[in-house]
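Asks: Structure incoming, see below.
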Amino acid sequence: MFDNLPLWPARASSGAGNVDALYIFLVLVAGFMCVAIFSLIVLFALRYRRQAGREAEQIEGSNALEITWSVVPLGIFMVIFAWGAVIYFQERTPPRGATEIYVVAKQWMWKLEHVEGQREINELHVPVGRDVEMIMTSQDVIHSFYVPAFRIKQDVLPGRYTTAWFRATKPGVYHLFCAEYCGSQHSGMIGQVVVMEPAQYEAWLSGGNTSGSLASNGQNIFQQLGCVTCHRADTQGRGPNLVGVFGKPVMLEDGRTVVADENYIRESILSPSAKVVKGFKPIMPVFQGLVSEEQLTELVAYVKSLSAPPGAAGTKVQESKVQ
Amino acid sequence: MATAVITPERENYLNREYGIKSWLLTTDHKRIALLYLMSITFFFFIGGFFALLIRLELLTPAGDLVQADTYNKLFTMHGQVMIFFFLIPSIPAVLGNFLVPLMVGAKDLAFPRINLLSWYLYIIAGIMMLHCIVTGGVDTGWTFYTPFSTAFSNTKVIEAGLSIFIAGFSSILTGLNFVVTIHRMRAPGMTWSRLPLFIWAHYATSIIQLLGTPVLAVTLVLVVFERVFHLGIFDPTRGGDPLLFQHLFWFYSHPAVYIMILPAMGVVAEIVPCFSRKRIFGYKAIALSSIAIAVFGFLVWAHHMFVAGISLYSALVFSALSYLVAVPSAIKVFNWTATMYKGSITFSTPMLYAFGFIGLFTMGGLTGLFLAALGLNVHVTDTYFVIAHFHYIMVGGAVMGYLGGMHFWWPKISGRLYPEWLGKFAALIVFLGFNLTFFPQFILGYMGMPRRYWQYPPEFQVLNVLSTAGSTILAVGYVLPMVYFLWSMRYGKLADDNPWGAAGLEWQTASPPPTFNFDHEPEVTWEAYNYDQIPAPPEEVSVER
């Protein structure tokens, strides 16, 4: 049993080592401070314990000391702050071209969808060495996607997308936890991340049961819901042409400019009048409550595929979508 | 002790009147303090009982002692009871209530009836909370995160929310009373720079109570409104924003941490000089650091939300500000330590608790540096690392300070001495039990065990077993003082007016004090902590058998 007493979880992502390095640095700093303060207390307590014939020496204080022990800790704190900020920047900035995985959390289950169309529940297969970005939302309450071996955690909120990314470095099976309390079976909302060698991963990918890629499913929904009648691939539609929109700035009717990211597309589907594109009328019907989180995910993936650079995952549908 | 000044016949606040009515309708701050003492002790043991059940459940990886839903209610109510019904009122409403008028040389608090009202509000809130607990409880976590609390939980969220809403007003009234008393009721000569640091700490605390608690009240009302009337405030399916709730909640609940810890710091600042027979080192620095903590404490709330979905740049700002608030805490620790330098130190029970406080608070504070580091926070937030960190501050810090203060002023409060050797023994037990309970949780957290887990993967078991073992030791350490304090009320040796030879006006009146505190209005002509002018007590008093 005691061989199961490591001090940290497996280190299986490109970022894990950075986090551990800062942790070890902080353990050393904190350990040093503890030892210094505790030994001073013990030293004073023994050296200056009450003895007959010796009186306490009254000392007012010392401005020099006060300044020293304010400024020096502050300096150390700023080093820690900067170091932590740099790591956080890396953790929060997914590299360009990362493979996207869509995550829909619900009480009490993780649903994961690969762009190729693979669907998984409470299990995520990823290859070693590939940047993976998760685009996550929740169907109900707040959850949190936590993989200790990757040192990443990100709350998953209802009503919007949040993202997290990692690059796995070591094949293995790692815990996936929900880290934000979400009700009765919070501690049962766990799963695993299976990191595989690329070849194995390709085999797994081709062996599974897919029902079409995310974007192509999204395209079907796009047609079923009639979106296509207004959002035409030319300039004649009553709604904006969506080709090439994703990732670009969009001028709005009220003069603002927003970047068309996942959250913008999501909002524009659910409550279209929130941000109306310049030159268009707020005539689009509200889809709040009419599409499920998964359908929304697929729609977003489809709209994104309309702007994907050639050769990127999900572009297969691009050629077929414009009629 | 041959010349005990006090005889039981002498009139004091305890024997002036008898009967339940004389207690329930009292406006004497000292009696109200005792009413609070009894009430918070009751809730402390309720909250502690929940904690023990939690630890027992976590003895094994499987969820086998209680149901998942029961477990969720246990940690929720442990948090709500301990925070709102024990920690927040603990030192201010008991020791602060008792001591603030005595220390500034006043007859009572500025608004004695409002003081009694605050206790009644607390009791109403407490009864609601108890009713809520016995009729089903709440399972939202003490944090009430939306939209779980407003749209998904099937438990008694409304009743718990309103109970805490009312408890908040009790806290506001106490803070209001202290602010006015400290401003307006100081005895002649008691200038701001002569105030004991206990008073400075309570002043800073009161400001937070006054400014922060209304925000919590508003937030809880919004939760109740959304739950009852289905407004779209926090629930995104109705157009609300769940992060808004977190901002509002932590705007109060982070400063609330300082409501809990600042008074304990005030206690330590009284104990350390007394048992070192010395002026406190850096009086001004400690006083100002209390105010600095109160001010900066309002600017760091979003460090609870680094993975919640806030923007990268606001995370940077809140991380940097969080390091700023650590500086005044560090200043305090250094000054307490320096106070011992060239002192004449005795190891009475209150001093042992003060040592315990400094040690555990230092560890709690230093691990706060880990959590404020953005990149590291992502890994350890919402794990047992956080649990360990805030228990080091709130249990290792605030509760140690509370117990130290209770031992220090018990002779003044009760007029009796507790058995000193038992006091030391209990202090040691608390210290050991505490560390065994919570230190393993730091490691558990870094290994990745999330908080609020009813069942957990088996590799976390060893550390959980250690933690549970520690909690049983800690429980013994907490029961002991209650037993010997009660015992001492009847059988303890009579206490001198000033058994520790301590500075401060409260030690210049009788033990226990008369109803109006001083026979003559005191006039202060000396600085605080004038230990050069006060003879140390004979050795045998502090080594009372």
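Lettering and numbering for the structure tokens are positional, with chains as A, B, ... in the shown order, residues counted from 1 in each chain, and ligands counted from 1 in the shown order.
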May I have the residues of chain A within 6 Å of chain B, counting only C-alpha atoms, written as a PyMOL selection string?

Replies: chain A and resi 4+8-9+19+30+44+48-50+56-58+60-61+81+84-85+87-88+141+148+151-155+159+179+184+187

Asks: May I have the selected residues written with N, CA and C atoms, as a PDB file, in the first residue's frame?

Replies:
ATOM      1  N   ASN A   4       2.014   3.163  -2.933  1.00  0.00           N
ATOM      2  CA  ASN A   4       1.045   4.077  -3.534  1.00  0.00           C
ATOM      3  C   ASN A   4       1.047   5.430  -2.857  1.00  0.00           C
ATOM      4  N   TRP A   8       3.224  13.361  -5.932  1.00  0.00           N
ATOM      5  CA  TRP A   8       2.480  14.028  -6.984  1.00  0.00           C
ATOM      6  C   TRP A   8       1.964  13.013  -7.983  1.00  0.00           C
ATOM      7  N   PRO A   9       0.978  13.407  -8.765  1.00  0.00           N
ATOM      8  CA  PRO A   9       0.446  12.479  -9.761  1.00  0.00           C
ATOM      9  C   PRO A   9       1.420  12.331 -10.928  1.00  0.00           C
ATOM     10  N   VAL A  19       4.526  23.215 -13.974  1.00  0.00           N
ATOM     11  CA  VAL A  19       3.745  23.403 -12.751  1.00  0.00           C
ATOM     12  C   VAL A  19       4.498  22.790 -11.573  1.00  0.00           C
ATOM     13  N   ALA A  30       8.618  28.120   1.046  1.00  0.00           N
ATOM     14  CA  ALA A  30       7.761  28.014   2.229  1.00  0.00           C
ATOM     15  C   ALA A  30       8.476  27.239   3.323  1.00  0.00           C
ATOM     16  N   PHE A  44      14.205  31.896  20.746  1.00  0.00           N
ATOM     17  CA  PHE A  44      13.834  32.942  21.704  1.00  0.00           C
ATOM     18  C   PHE A  44      13.203  32.333  22.944  1.00  0.00           C
ATOM     19  N   TYR A  48      15.353  33.146  26.049  1.00  0.00           N
ATOM     20  CA  TYR A  48      14.793  34.241  26.845  1.00  0.00           C
ATOM     21  C   TYR A  48      13.672  33.758  27.759  1.00  0.00           C
ATOM     22  N   ARG A  49      13.703  32.505  28.129  1.00  0.00           N
ATOM     23  CA  ARG A  49      12.671  32.057  29.063  1.00  0.00           C
ATOM     24  C   ARG A  49      12.895  32.745  30.409  1.00  0.00           C
ATOM     25  N   ARG A  50      11.852  32.783  31.183  1.00  0.00           N
ATOM     26  CA  ARG A  50      11.914  33.541  32.432  1.00  0.00           C
ATOM     27  C   ARG A  50      12.978  32.963  33.365  1.00  0.00           C
ATOM     28  N   ALA A  56      12.987  41.540  31.243  1.00  0.00           N
ATOM     29  CA  ALA A  56      12.823  41.729  29.798  1.00  0.00           C
ATOM     30  C   ALA A  56      13.373  43.091  29.405  1.00  0.00           C
ATOM     31  N   GLU A  57      13.915  43.167  28.231  1.00  0.00           N
ATOM     32  CA  GLU A  57      14.447  44.431  27.729  1.00  0.00           C
ATOM     33  C   GLU A  57      13.386  45.058  26.840  1.00  0.00           C
ATOM     34  N   GLN A  58      12.937  46.259  27.178  1.00  0.00           N
ATOM     35  CA  GLN A  58      11.842  46.870  26.414  1.00  0.00           C
ATOM     36  C   GLN A  58      12.356  47.438  25.089  1.00  0.00           C
ATOM     37  N   GLU A  60      11.039  49.167  21.411  1.00  0.00           N
ATOM     38  CA  GLU A  60       9.869  49.771  20.760  1.00  0.00           C
ATOM     39  C   GLU A  60       9.528  49.132  19.431  1.00  0.00           C
ATOM     40  N   GLY A  61      10.569  48.860  18.670  1.00  0.00           N
ATOM     41  CA  GLY A  61      10.354  48.447  17.291  1.00  0.00           C
ATOM     42  C   GLY A  61      11.449  49.048  16.461  1.00  0.00           C
ATOM     43  N   PHE A  81       4.627  35.502  -8.360  1.00  0.00           N
ATOM     44  CA  PHE A  81       3.508  35.966  -9.188  1.00  0.00           C
ATOM     45  C   PHE A  81       3.856  35.870 -10.678  1.00  0.00           C
ATOM     46  N   GLY A  84       4.113  32.254 -11.840  1.00  0.00           N
ATOM     47  CA  GLY A  84       2.772  31.671 -11.948  1.00  0.00           C
ATOM     48  C   GLY A  84       2.007  32.219 -13.143  1.00  0.00           C
ATOM     49  N   ALA A  85       2.198  33.529 -13.399  1.00  0.00           N
ATOM     50  CA  ALA A  85       1.480  34.154 -14.511  1.00  0.00           C
ATOM     51  C   ALA A  85       1.942  33.584 -15.851  1.00  0.00           C
ATOM     52  N   ILE A  87       3.158  30.610 -16.469  1.00  0.00           N
ATOM     53  CA  ILE A  87       2.598  29.260 -16.660  1.00  0.00           C
ATOM     54  C   ILE A  87       1.111  29.341 -17.010  1.00  0.00           C
ATOM     55  N   TYR A  88       0.417  30.244 -16.323  1.00  0.00           N
ATOM     56  CA  TYR A  88      -1.024  30.399 -16.562  1.00  0.00           C
ATOM     57  C   TYR A  88      -1.278  30.826 -18.008  1.00  0.00           C
ATOM     58  N   VAL A 141     -25.520  22.247 -14.652  1.00  0.00           N
ATOM     59  CA  VAL A 141     -24.858  23.081 -13.634  1.00  0.00           C
ATOM     60  C   VAL A 141     -23.391  23.257 -14.013  1.00  0.00           C
ATOM     61  N   PRO A 148      -5.522  15.542 -13.274  1.00  0.00           N
ATOM     62  CA  PRO A 148      -4.351  15.843 -12.450  1.00  0.00           C
ATOM     63  C   PRO A 148      -3.038  15.548 -13.174  1.00  0.00           C
ATOM     64  N   ARG A 151      -2.170  18.406 -15.046  1.00  0.00           N
ATOM     65  CA  ARG A 151      -2.183  19.646 -14.256  1.00  0.00           C
ATOM     66  C   ARG A 151      -3.122  20.684 -14.880  1.00  0.00           C
ATOM     67  N   ILE A 152      -4.200  20.236 -15.519  1.00  0.00           N
ATOM     68  CA  ILE A 152      -5.138  21.219 -16.056  1.00  0.00           C
ATOM     69  C   ILE A 152      -6.495  21.067 -15.390  1.00  0.00           C
ATOM     70  N   LYS A 153      -7.142  22.202 -15.277  1.00  0.00           N
ATOM     71  CA  LYS A 153      -8.492  22.220 -14.716  1.00  0.00           C
ATOM     72  C   LYS A 153      -9.200  23.427 -15.308  1.00  0.00           C
ATOM     73  N   GLN A 154     -10.424  23.241 -15.713  1.00  0.00           N
ATOM     74  CA  GLN A 154     -11.193  24.368 -16.230  1.00  0.00           C
ATOM     75  C   GLN A 154     -12.660  24.135 -15.919  1.00  0.00           C
ATOM     76  N   ASP A 155     -13.294  25.127 -15.320  1.00  0.00           N
ATOM     77  CA  ASP A 155     -14.723  24.993 -15.057  1.00  0.00           C
ATOM     78  C   ASP A 155     -15.478  24.941 -16.374  1.00  0.00           C
ATOM     79  N   GLY A 159     -24.324  27.487 -20.792  1.00  0.00           N
ATOM     80  CA  GLY A 159     -24.602  28.737 -21.489  1.00  0.00           C
ATOM     81  C   GLY A 159     -23.415  29.378 -22.152  1.00  0.00           C
ATOM     82  N   ALA A 179     -14.257  18.568 -10.888  1.00  0.00           N
ATOM     83  CA  ALA A 179     -13.697  19.239  -9.718  1.00  0.00           C
ATOM     84  C   ALA A 179     -14.588  20.358  -9.190  1.00  0.00           C
ATOM     85  N   SER A 184     -25.584  15.260  -6.404  1.00  0.00           N
ATOM     86  CA  SER A 184     -25.505  13.941  -5.762  1.00  0.00           C
ATOM     87  C   SER A 184     -24.280  13.129  -6.150  1.00  0.00           C
ATOM     88  N   SER A 187     -18.945  12.905  -7.068  1.00  0.00           N
ATOM     89  CA  SER A 187     -17.735  12.078  -6.995  1.00  0.00           C
ATOM     90  C   SER A 187     -17.809  10.885  -7.939  1.00  0.00           C
TER      91      SER A 187
END

Asks: Can you tell me, as a list in words, what residues are no more than 12 Å from Tyr120 (chain B) when counting only C-alpha atoms, ignoring any on the same chain fewer than 5 positions away?

Replies: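 Result of the neighbour search: Leu24, Leu25, Thr26, Thr27, Ile32, Leu35, Tyr36, Ser39, Arg113, Ile114, Asn115, Ala125, Gly126, Ile127, Ile166, Ala167, Phe169, Ser170, Ser171, Leu173 and Thr174 of chain B.
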
Asks: Using only C-alpha atoms, can you tell me which of B:Ser471, B:Thr509, B:Ser253, B:Thr41 comes closest to Ile91 (chain B)?

Replies: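 With only C-alpha atoms as the atom set, the closest residue is B:Thr41.
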
Asks: If you run DSSP on the backbone, which residues of region 163-255 of chain A are strand (DSSP E or B), as number ranges by chain?

Replies: A: 163-168, 172-178, 191-196, 249-252

Asks: Which residues come within 12 Å of Met109 (chain A), counting only C-alpha atoms, excluding same-chain residues fewer than 3 positions away, as a ChimeraX atom specification?

Replies: /A:103-106,112,120-123,138-141,143-145,176-178,182-183,185-192

Asks: Deliver the residues from the most recent selection as a file, using N, CA and C atoms, as a compact mmCIF listing (two decimals), in the first residue's frame.

Replies:
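Ended up saving to again22.txt:
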# COMPACT_ATOMS: atom_id res chain seq x y z
N VAL A 103 -16.64 18.99 -25.58
CA VAL A 103 -17.02 18.33 -24.34
C VAL A 103 -18.36 18.91 -23.89
N VAL A 104 -19.31 18.02 -23.66
CA VAL A 104 -20.56 18.44 -23.06
C VAL A 104 -20.68 17.73 -21.72
N ALA A 105 -20.71 18.51 -20.65
CA ALA A 105 -20.83 17.93 -19.32
C ALA A 105 -22.28 17.97 -18.89
N LYS A 106 -22.70 16.94 -18.17
CA LYS A 106 -24.03 16.97 -17.58
C LYS A 106 -24.00 16.18 -16.30
N LEU A 112 -17.87 13.36 -24.78
CA LEU A 112 -16.77 13.93 -25.55
C LEU A 112 -16.94 13.57 -27.01
N GLU A 120 -17.53 9.66 -27.19
CA GLU A 120 -17.13 8.87 -26.03
C GLU A 120 -17.87 9.39 -24.81
N ILE A 121 -18.03 8.48 -23.83
CA ILE A 121 -18.62 8.90 -22.56
C ILE A 121 -17.66 8.54 -21.44
N ASN A 122 -17.32 9.52 -20.64
CA ASN A 122 -16.41 9.35 -19.50
C ASN A 122 -15.07 8.76 -19.89
N GLU A 123 -14.72 8.84 -21.14
CA GLU A 123 -13.45 8.31 -21.58
C GLU A 123 -12.98 9.16 -22.73
N SER A 138 -21.69 23.00 -20.54
CA SER A 138 -22.46 22.14 -19.65
C SER A 138 -23.93 22.24 -20.00
N GLN A 139 -24.60 21.11 -19.82
CA GLN A 139 -26.02 21.06 -20.11
C GLN A 139 -26.84 21.54 -18.92
N ASP A 140 -26.23 21.54 -17.72
CA ASP A 140 -27.03 21.88 -16.54
C ASP A 140 -26.26 22.82 -15.59
N VAL A 141 -25.52 22.25 -14.65
CA VAL A 141 -24.86 23.08 -13.63
C VAL A 141 -23.39 23.26 -14.01
N HIS A 143 -19.64 22.35 -13.97
CA HIS A 143 -18.74 21.23 -13.69
C HIS A 143 -17.31 21.75 -13.87
N SER A 144 -16.34 20.87 -13.65
CA SER A 144 -14.96 21.30 -13.90
C SER A 144 -14.15 20.12 -14.42
N PHE A 145 -13.51 20.35 -15.55
CA PHE A 145 -12.73 19.30 -16.22
C PHE A 145 -11.34 19.29 -15.63
N LEU A 176 -9.78 11.33 -14.94
CA LEU A 176 -10.51 12.55 -15.30
C LEU A 176 -11.53 12.78 -14.19
N PHE A 177 -11.44 13.93 -13.52
CA PHE A 177 -12.33 14.22 -12.40
C PHE A 177 -13.23 15.40 -12.74
N CYS A 178 -14.41 15.41 -12.12
CA CYS A 178 -15.16 16.66 -12.05
C CYS A 178 -14.73 17.34 -10.76
N CYS A 182 -21.24 19.33 -8.15
CA CYS A 182 -22.35 19.41 -9.10
C CYS A 182 -23.55 18.57 -8.69
N GLY A 183 -23.63 18.19 -7.41
CA GLY A 183 -24.81 17.47 -6.97
C GLY A 183 -24.51 16.05 -6.53
N GLN A 185 -24.12 12.89 -7.43
CA GLN A 185 -23.07 11.97 -7.87
C GLN A 185 -21.82 12.70 -8.35
N HIS A 186 -21.54 13.84 -7.74
CA HIS A 186 -20.34 14.60 -8.11
C HIS A 186 -19.10 13.71 -8.12
N SER A 187 -18.95 12.91 -7.07
CA SER A 187 -17.74 12.08 -7.00
C SER A 187 -17.81 10.88 -7.94
N GLY A 188 -18.98 10.69 -8.55
CA GLY A 188 -19.09 9.61 -9.54
C GLY A 188 -18.89 10.13 -10.95
N MET A 189 -18.74 11.44 -11.09
CA MET A 189 -18.57 12.03 -12.41
C MET A 189 -17.09 11.99 -12.79
N ILE A 190 -16.60 10.78 -12.85
CA ILE A 190 -15.17 10.61 -13.12
C ILE A 190 -15.01 9.75 -14.37
N GLY A 191 -13.87 9.81 -14.94
CA GLY A 191 -13.60 9.02 -16.12
C GLY A 191 -12.13 8.85 -16.29
N GLN A 192 -11.72 8.53 -17.51
CA GLN A 192 -10.29 8.40 -17.72
C GLN A 192 -9.87 8.95 -19.06

Asks: Give the helix (DSSP H, G or I) residues of region 216-318 of chain A, as DSSP finds them on the backbone, and put them as JSON, numbers by chain.

Replies: {"A": [216, 217, 218, 219, 220, 221, 222, 223, 224, 227, 228, 229, 230, 262, 263, 264, 265, 266, 267, 268, 269, 270, 272, 273, 274, 293, 294, 295, 296, 297, 298, 299, 300, 301, 302, 303, 304, 305, 315, 316, 317, 318]}

Asks: Compare A:Arg130, A:Lys304, A:His125, A:His231 by their minimum atom-to-atom distance to Val194 (chain A), counting only C-alpha atoms, and give me the closest one.

Replies: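 With only C-alpha atoms as the atom set, the closest residue is A:His125.
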
Asks: Rank nothing, just name the residue among A:Glu253, A:Glu202, A:Glu55, A:Glu180 nearest to Gln118 (chain A), using only C-alpha atoms.

Replies: A:Glu202

Asks: Select, from B:Ala93, B:Met351, B:Leu422, B:Val81, the residue with the minimum atom-to-atom distance to Leu34 (chain B), counting only C-alpha atoms.

Replies: B:Ala93

Asks: List the neighbours of His114 (chain A) out to 7 Å using only C-alpha atoms; skip same-chain residues closer than 5 positions along the sequence, and give me the result as a list in words.

Replies: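 After dropping sequence-adjacent residues, the list is Glu100, Ile101, Tyr102 and Arg119 of chain A.
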
Asks: Which residues, written as an MDAnalysis selection string, have at least one atom at most 12 Å from Trp23 (chain B), with only C-alpha atoms counted and residues fewer than 6 positions away on the same chain left out?

Replies: chainID B and resid 13:17 29:36 116 119

Asks: Pull N, CA and C atoms from the residues just selected and write them as an mmCIF file, in the first residue's frame.

Replies:
data_model
loop_
_atom_site.group_PDB
_atom_site.id
_atom_site.type_symbol
_atom_site.label_atom_id
_atom_site.label_comp_id
_atom_site.auth_asym_id
_atom_site.auth_seq_id
_atom_site.Cartn_x
_atom_site.Cartn_y
_atom_site.Cartn_z
ATOM 1 N N TYR B 13 -20.860 41.226 37.653
ATOM 2 C CA TYR B 13 -21.900 41.102 36.638
ATOM 3 C C TYR B 13 -22.603 39.759 36.672
ATOM 4 N N LEU B 14 -21.943 38.760 37.289
ATOM 5 C CA LEU B 14 -22.555 37.435 37.315
ATOM 6 C C LEU B 14 -23.559 37.283 38.451
ATOM 7 N N ASN B 15 -23.231 37.880 39.612
ATOM 8 C CA ASN B 15 -24.102 37.620 40.772
ATOM 9 C C ASN B 15 -25.017 38.791 41.088
ATOM 10 N N ARG B 16 -25.023 39.806 40.245
ATOM 11 C CA ARG B 16 -25.847 40.968 40.546
ATOM 12 C C ARG B 16 -27.322 40.619 40.469
ATOM 13 N N GLU B 17 -27.642 39.853 39.464
ATOM 14 C CA GLU B 17 -29.034 39.408 39.341
ATOM 15 C C GLU B 17 -29.021 37.922 39.044
ATOM 16 N N HIS B 29 -22.990 43.982 28.193
ATOM 17 C CA HIS B 29 -22.184 43.349 27.135
ATOM 18 C C HIS B 29 -21.508 42.081 27.614
ATOM 19 N N LYS B 30 -21.206 41.993 28.923
ATOM 20 C CA LYS B 30 -20.506 40.810 29.422
ATOM 21 C C LYS B 30 -21.440 39.609 29.471
ATOM 22 N N ARG B 31 -22.680 39.880 29.852
ATOM 23 C CA ARG B 31 -23.645 38.778 29.874
ATOM 24 C C ARG B 31 -24.009 38.347 28.446
ATOM 25 N N ILE B 32 -24.123 39.342 27.565
ATOM 26 C CA ILE B 32 -24.421 38.987 26.169
ATOM 27 C C ILE B 32 -23.267 38.154 25.593
ATOM 28 N N ALA B 33 -22.042 38.507 26.004
ATOM 29 C CA ALA B 33 -20.899 37.719 25.562
ATOM 30 C C ALA B 33 -21.047 36.263 26.008
ATOM 31 N N LEU B 34 -21.518 36.072 27.239
ATOM 32 C CA LEU B 34 -21.687 34.694 27.712
ATOM 33 C C LEU B 34 -22.834 33.992 26.983
ATOM 34 N N LEU B 35 -23.895 34.733 26.672
ATOM 35 C CA LEU B 35 -24.980 34.132 25.876
ATOM 36 C C LEU B 35 -24.410 33.647 24.544
ATOM 37 N N TYR B 36 -23.608 34.513 23.926
ATOM 38 C CA TYR B 36 -22.966 34.131 22.665
ATOM 39 C C TYR B 36 -22.043 32.926 22.865
ATOM 40 N N LEU B 116 -27.983 43.252 22.315
ATOM 41 C CA LEU B 116 -28.867 42.124 22.650
ATOM 42 C C LEU B 116 -29.641 41.684 21.407
ATOM 43 N N TRP B 119 -27.784 39.306 19.322
ATOM 44 C CA TRP B 119 -27.805 37.923 19.798
ATOM 45 C C TRP B 119 -29.132 37.253 19.429
#

Asks: Just the residues within 10 Å of Ser467 (chain B), please, counting only C-alpha atoms, with nothing from its chain fewer than 2 positions along; format it as an NGL selection string.

Replies: :B and (55-56 or 58-59 or 433-441 or 461-465 or 469-472)

Asks: Give me, as a list in words, all polymer residues having an atom no more than 12 Å from Ser268 (chain A), counting only C-alpha atoms and skipping those fewer than 4 positions away in the same chain.

Replies: Arg160, Gly239, Pro240, Leu242, Leu252, Val258, Ala260, Asp261, Glu262, Asn263, Tyr264, Pro272, Ser273, Ala274, Lys275, Val276, Val277, Pro282, Ile283, Met284, Pro285, Val286, Phe287, Gln288, Leu296, Leu299, Val300 and Val303 of chain A

Asks: Would you mind exporting C-alpha atoms of the selected residues as a compact mmCIF listing (two decimals), in the first residue's frame?

Replies:
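result.txt was written with the following content:
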# COMPACT_ATOMS: atom_id res chain seq x y z
CA ARG A 160 -21.11 29.34 -22.82
CA GLY A 239 -28.92 36.56 -43.03
CA PRO A 240 -25.17 37.00 -43.20
CA LEU A 242 -21.31 32.42 -42.88
CA LEU A 252 -22.54 44.93 -35.46
CA VAL A 258 -16.84 41.47 -31.95
CA ALA A 260 -16.77 35.61 -34.20
CA ASP A 261 -15.63 32.90 -31.77
CA GLU A 262 -17.48 29.83 -30.52
CA ASN A 263 -19.34 31.82 -27.87
CA TYR A 264 -20.49 34.38 -30.44
CA PRO A 272 -29.95 36.09 -32.34
CA SER A 273 -31.03 39.60 -31.43
CA ALA A 274 -28.23 39.98 -28.86
CA LYS A 275 -25.65 40.88 -31.50
CA VAL A 276 -27.09 41.74 -34.91
CA VAL A 277 -24.65 42.00 -37.80
CA PRO A 282 -33.20 41.10 -36.28
CA ILE A 283 -35.56 38.68 -37.98
CA MET A 284 -33.95 35.38 -37.05
CA PRO A 285 -36.05 33.18 -34.75
CA VAL A 286 -34.74 32.26 -31.29
CA PHE A 287 -33.40 28.72 -30.99
CA GLN A 288 -33.03 28.69 -27.21
CA LEU A 296 -25.33 23.22 -30.91
CA LEU A 299 -23.66 23.55 -35.62
CA VAL A 300 -20.72 25.47 -34.21
CA VAL A 303 -19.82 27.08 -39.03

Asks: Have a look at A:Asn63, A:Ser13, A:Gln200, A:Val156 and name the one nearest to Val132 (chain A); count only C-alpha atoms.

Replies: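 Of A:Asn63, A:Ser13, A:Gln200, A:Val156, the one nearest Val132 (chain A) is A:Ser13, counting only C-alpha atoms.
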
Asks: Which is closest to Pro89 (chain B) among B:Gln209, B:Thr60, B:Thr181, B:Asn498, if we use only C-alpha atoms?

Replies: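 Closest residue, counting only C-alpha atoms: B:Gln209.
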
Asks: When you draw a straight line from CA of Ile54 (chain B) to CA of Pro255 (chain B), how long is it in Å?

Replies: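 These atoms are spaced 26.6 Å apart.
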
Asks: Report, in Å to a single decimal, how far apart CA of Gly79 (chain B) and CA of Tyr181 (chain A) are.

Replies: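 We find that CA of Tyr181 (chain A) and CA of Gly79 (chain B) lie 14.0 Å from each other.
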